[in-house]
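Notes follow once the structure below has been shown.
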Amino acid sequence: AARLLKLPLYATYHTAIPQYAEHLTGDAGLVDFLWKYLMWFYDQADCIFVPSQSTADELIEKGIRPGKLRLTPRGVDLKRFHPAKRNGYLESHHQVREGLKILYVGRVSKEKNLPLLARTFKTLSRQRHNLKLVVVGEGPYYAEMQQELSGTQTVFTGYLTGDDLAAVYASCDLFLFPSTTDTFGNVVLEAQ
């Protein structure tokens, strides 16, 4: 439509669809097809916004001309996501008290490498009894992950935003981000 109307076409690349497909299906043919389709689609854009230099490098390696790419840095609200927001939210809303609180925030889906997180937490829990895992988010692996972690000290908060999300970040001791397929995880900046 942009070409027919002689309008510039701008795009953003922020989801690693081929990598997700590989994680979810293991089908190399599908992965190759998706890369070809995505490069055809994005090559039509006049400008492509990317979240990181590594994402830009990946697209260049796949055939996108470097001059089309524009780095769009990410950021977070430092007043909202701050250690001062530690306020007892987990204790009052989810009965999580003492112990080392490990946090995951994001889409609860297998492509985020959450089966590895579940296995690792179960192993660590057998060695250290004071560990608590807090999972913030929703997604297709939610019920299965709950079942996988039953019997452990794991809390699933569901989807959180705003001050509640900031309070959970500030109330935990360690942040884990096991995904190997994200183009850029804003949650990493929020956790910092």
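Ordered as shown in the structure tokens, chains take letters A, B, and onward, while each chain numbers its residues from 1 and ligands are numbered from 1 in the order shown.
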
Non-local contacts of range 10-20 of chain A (8 Å; only C-alpha atoms; under 2 positions in same chain excluded) as a list in words:
Pro8, Glu22, His23, Leu24, Leu30, Val31, Asp32, Leu34, Trp35, Tyr42, Ala45, Asp46, Cys47, Ile48, Phe49, Val50, Pro51, Glu111, Thr181, Asp182, Thr183 and Phe184 of chain A

Can you list, as a ChimeraX atom specification, all residues belonging to chain A that DSSP tags as strand (DSSP E)?
/A:10-12,47-50,69-71,100-105,131-136,154-158,174-175

File dump, residues just selected, N, CA and C atoms, as a PDB file, in the first residue's frame:
ATOM      1  N   TYR A  10       8.357   2.547   6.789  1.00  0.00           N
ATOM      2  CA  TYR A  10       9.223   2.349   7.942  1.00  0.00           C
ATOM      3  C   TYR A  10       8.776   1.091   8.666  1.00  0.00           C
ATOM      4  N   ALA A  11       9.742   0.356   9.212  1.00  0.00           N
ATOM      5  CA  ALA A  11       9.432  -0.892   9.906  1.00  0.00           C
ATOM      6  C   ALA A  11      10.285  -0.996  11.173  1.00  0.00           C
ATOM      7  N   THR A  12       9.836  -1.840  12.073  1.00  0.00           N
ATOM      8  CA  THR A  12      10.644  -2.176  13.251  1.00  0.00           C
ATOM      9  C   THR A  12      10.871  -3.674  13.254  1.00  0.00           C
ATOM     10  N   CYS A  47      13.367   2.260   5.807  1.00  0.00           N
ATOM     11  CA  CYS A  47      14.101   2.380   7.065  1.00  0.00           C
ATOM     12  C   CYS A  47      13.590   1.289   8.007  1.00  0.00           C
ATOM     13  N   ILE A  48      14.525   0.637   8.695  1.00  0.00           N
ATOM     14  CA  ILE A  48      14.163  -0.416   9.646  1.00  0.00           C
ATOM     15  C   ILE A  48      14.767  -0.054  10.996  1.00  0.00           C
ATOM     16  N   PHE A  49      13.923   0.098  11.993  1.00  0.00           N
ATOM     17  CA  PHE A  49      14.384   0.392  13.341  1.00  0.00           C
ATOM     18  C   PHE A  49      14.678  -0.921  14.065  1.00  0.00           C
ATOM     19  N   VAL A  50      15.858  -0.999  14.678  1.00  0.00           N
ATOM     20  CA  VAL A  50      16.282  -2.202  15.398  1.00  0.00           C
ATOM     21  C   VAL A  50      16.660  -1.818  16.831  1.00  0.00           C
ATOM     22  N   LEU A  69      19.184   0.544   8.185  1.00  0.00           N
ATOM     23  CA  LEU A  69      18.991   0.237   9.604  1.00  0.00           C
ATOM     24  C   LEU A  69      19.237   1.451  10.491  1.00  0.00           C
ATOM     25  N   ARG A  70      18.367   1.629  11.466  1.00  0.00           N
ATOM     26  CA  ARG A  70      18.500   2.707  12.451  1.00  0.00           C
ATOM     27  C   ARG A  70      18.364   2.103  13.847  1.00  0.00           C
ATOM     28  N   LEU A  71      19.376   2.329  14.662  1.00  0.00           N
ATOM     29  CA  LEU A  71      19.358   1.834  16.032  1.00  0.00           C
ATOM     30  C   LEU A  71      18.435   2.712  16.871  1.00  0.00           C
ATOM     31  N   LEU A 100      15.815 -16.203  49.492  1.00  0.00           N
ATOM     32  CA  LEU A 100      16.368 -15.602  48.286  1.00  0.00           C
ATOM     33  C   LEU A 100      15.308 -15.661  47.191  1.00  0.00           C
ATOM     34  N   LYS A 101      14.873 -14.502  46.732  1.00  0.00           N
ATOM     35  CA  LYS A 101      13.801 -14.419  45.743  1.00  0.00           C
ATOM     36  C   LYS A 101      14.395 -14.240  44.354  1.00  0.00           C
ATOM     37  N   ILE A 102      14.115 -15.218  43.490  1.00  0.00           N
ATOM     38  CA  ILE A 102      14.594 -15.209  42.105  1.00  0.00           C
ATOM     39  C   ILE A 102      13.415 -14.828  41.226  1.00  0.00           C
ATOM     40  N   LEU A 103      13.650 -13.928  40.285  1.00  0.00           N
ATOM     41  CA  LEU A 103      12.565 -13.359  39.481  1.00  0.00           C
ATOM     42  C   LEU A 103      12.735 -13.634  38.000  1.00  0.00           C
ATOM     43  N   TYR A 104      11.635 -13.999  37.357  1.00  0.00           N
ATOM     44  CA  TYR A 104      11.538 -14.020  35.894  1.00  0.00           C
ATOM     45  C   TYR A 104      10.355 -13.134  35.521  1.00  0.00           C
ATOM     46  N   VAL A 105      10.552 -12.232  34.554  1.00  0.00           N
ATOM     47  CA  VAL A 105       9.474 -11.391  34.041  1.00  0.00           C
ATOM     48  C   VAL A 105       9.460 -11.530  32.530  1.00  0.00           C
ATOM     49  N   LEU A 131      15.101 -20.885  48.666  1.00  0.00           N
ATOM     50  CA  LEU A 131      14.897 -20.236  47.366  1.00  0.00           C
ATOM     51  C   LEU A 131      13.421 -20.113  47.033  1.00  0.00           C
ATOM     52  N   LYS A 132      13.066 -18.965  46.487  1.00  0.00           N
ATOM     53  CA  LYS A 132      11.705 -18.725  46.020  1.00  0.00           C
ATOM     54  C   LYS A 132      11.816 -18.220  44.578  1.00  0.00           C
ATOM     55  N   LEU A 133      10.970 -18.742  43.706  1.00  0.00           N
ATOM     56  CA  LEU A 133      10.920 -18.276  42.324  1.00  0.00           C
ATOM     57  C   LEU A 133       9.635 -17.501  42.131  1.00  0.00           C
ATOM     58  N   VAL A 134       9.754 -16.304  41.561  1.00  0.00           N
ATOM     59  CA  VAL A 134       8.602 -15.468  41.253  1.00  0.00           C
ATOM     60  C   VAL A 134       8.539 -15.330  39.729  1.00  0.00           C
ATOM     61  N   VAL A 135       7.427 -15.768  39.150  1.00  0.00           N
ATOM     62  CA  VAL A 135       7.233 -15.709  37.707  1.00  0.00           C
ATOM     63  C   VAL A 135       6.145 -14.684  37.415  1.00  0.00           C
ATOM     64  N   VAL A 136       6.522 -13.625  36.700  1.00  0.00           N
ATOM     65  CA  VAL A 136       5.582 -12.566  36.333  1.00  0.00           C
ATOM     66  C   VAL A 136       5.343 -12.644  34.832  1.00  0.00           C
ATOM     67  N   THR A 154       7.339 -21.651  44.328  1.00  0.00           N
ATOM     68  CA  THR A 154       7.197 -20.802  43.155  1.00  0.00           C
ATOM     69  C   THR A 154       5.870 -20.075  43.212  1.00  0.00           C
ATOM     70  N   VAL A 155       5.907 -18.794  42.893  1.00  0.00           N
ATOM     71  CA  VAL A 155       4.709 -17.966  42.845  1.00  0.00           C
ATOM     72  C   VAL A 155       4.539 -17.464  41.414  1.00  0.00           C
ATOM     73  N   PHE A 156       3.351 -17.640  40.876  1.00  0.00           N
ATOM     74  CA  PHE A 156       2.991 -17.109  39.563  1.00  0.00           C
ATOM     75  C   PHE A 156       2.050 -15.932  39.797  1.00  0.00           C
ATOM     76  N   THR A 157       2.503 -14.733  39.463  1.00  0.00           N
ATOM     77  CA  THR A 157       1.698 -13.543  39.733  1.00  0.00           C
ATOM     78  C   THR A 157       0.743 -13.209  38.602  1.00  0.00           C
ATOM     79  N   GLY A 158       0.953 -13.795  37.424  1.00  0.00           N
ATOM     80  CA  GLY A 158       0.201 -13.353  36.260  1.00  0.00           C
ATOM     81  C   GLY A 158       0.830 -12.085  35.715  1.00  0.00           C
ATOM     82  N   LEU A 174      17.406 -11.604  42.808  1.00  0.00           N
ATOM     83  CA  LEU A 174      18.149 -12.057  41.635  1.00  0.00           C
ATOM     84  C   LEU A 174      17.189 -12.130  40.459  1.00  0.00           C
ATOM     85  N   PHE A 175      17.616 -11.633  39.310  1.00  0.00           N
ATOM     86  CA  PHE A 175      16.796 -11.677  38.099  1.00  0.00           C
ATOM     87  C   PHE A 175      17.401 -12.667  37.115  1.00  0.00           C
TER      88      PHE A 175
END

Using only C-alpha atoms, find the one residue out of A:Gly106, A:Pro140, A:Gly26, A:Gly99 that sits nearest to Asp173 in chain A.
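Using only C-alpha atoms, Asp173 in chain A sits closest to A:Gly99.
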
Near-Asn186 in chain A list (8 Å; only C-alpha atoms; drop same-chain fewer than 6 positions) as a PyMOL selection string:
chain A and resi 74-76

Spatial neighbours of Gly151 in chain A, 12 Å, only C-alpha atoms, chain gap at least 4 places, as a short mmCIF file (atom, residue, chain, number, x, y, z; two decimals) with C-alpha atoms, in the first residue's frame:
data_model
loop_
_atom_site.label_atom_id
_atom_site.label_comp_id
_atom_site.auth_asym_id
_atom_site.auth_seq_id
_atom_site.Cartn_x
_atom_site.Cartn_y
_atom_site.Cartn_z
CA ALA A 118 12.08 -24.76 35.61
CA PHE A 121 15.13 -24.08 39.80
CA LYS A 122 13.95 -27.56 40.81
CA SER A 125 15.61 -26.00 45.35
CA ARG A 126 16.72 -29.47 46.38
CA HIS A 129 15.59 -24.70 50.75
CA LYS A 132 11.70 -18.73 46.02
CA LEU A 133 10.92 -18.28 42.32
CA MET A 145 5.15 -24.49 33.96
CA GLN A 146 2.93 -24.32 37.04
CA GLN A 147 2.57 -28.10 36.91
CA VAL A 155 4.71 -17.97 42.84
#

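In this comparison, which uses only C-alpha atoms, the residue of A:Gly88, A:Lys79, A:Leu38, A:Leu165 approaching Ile64 in chain A most closely is A:Leu38.
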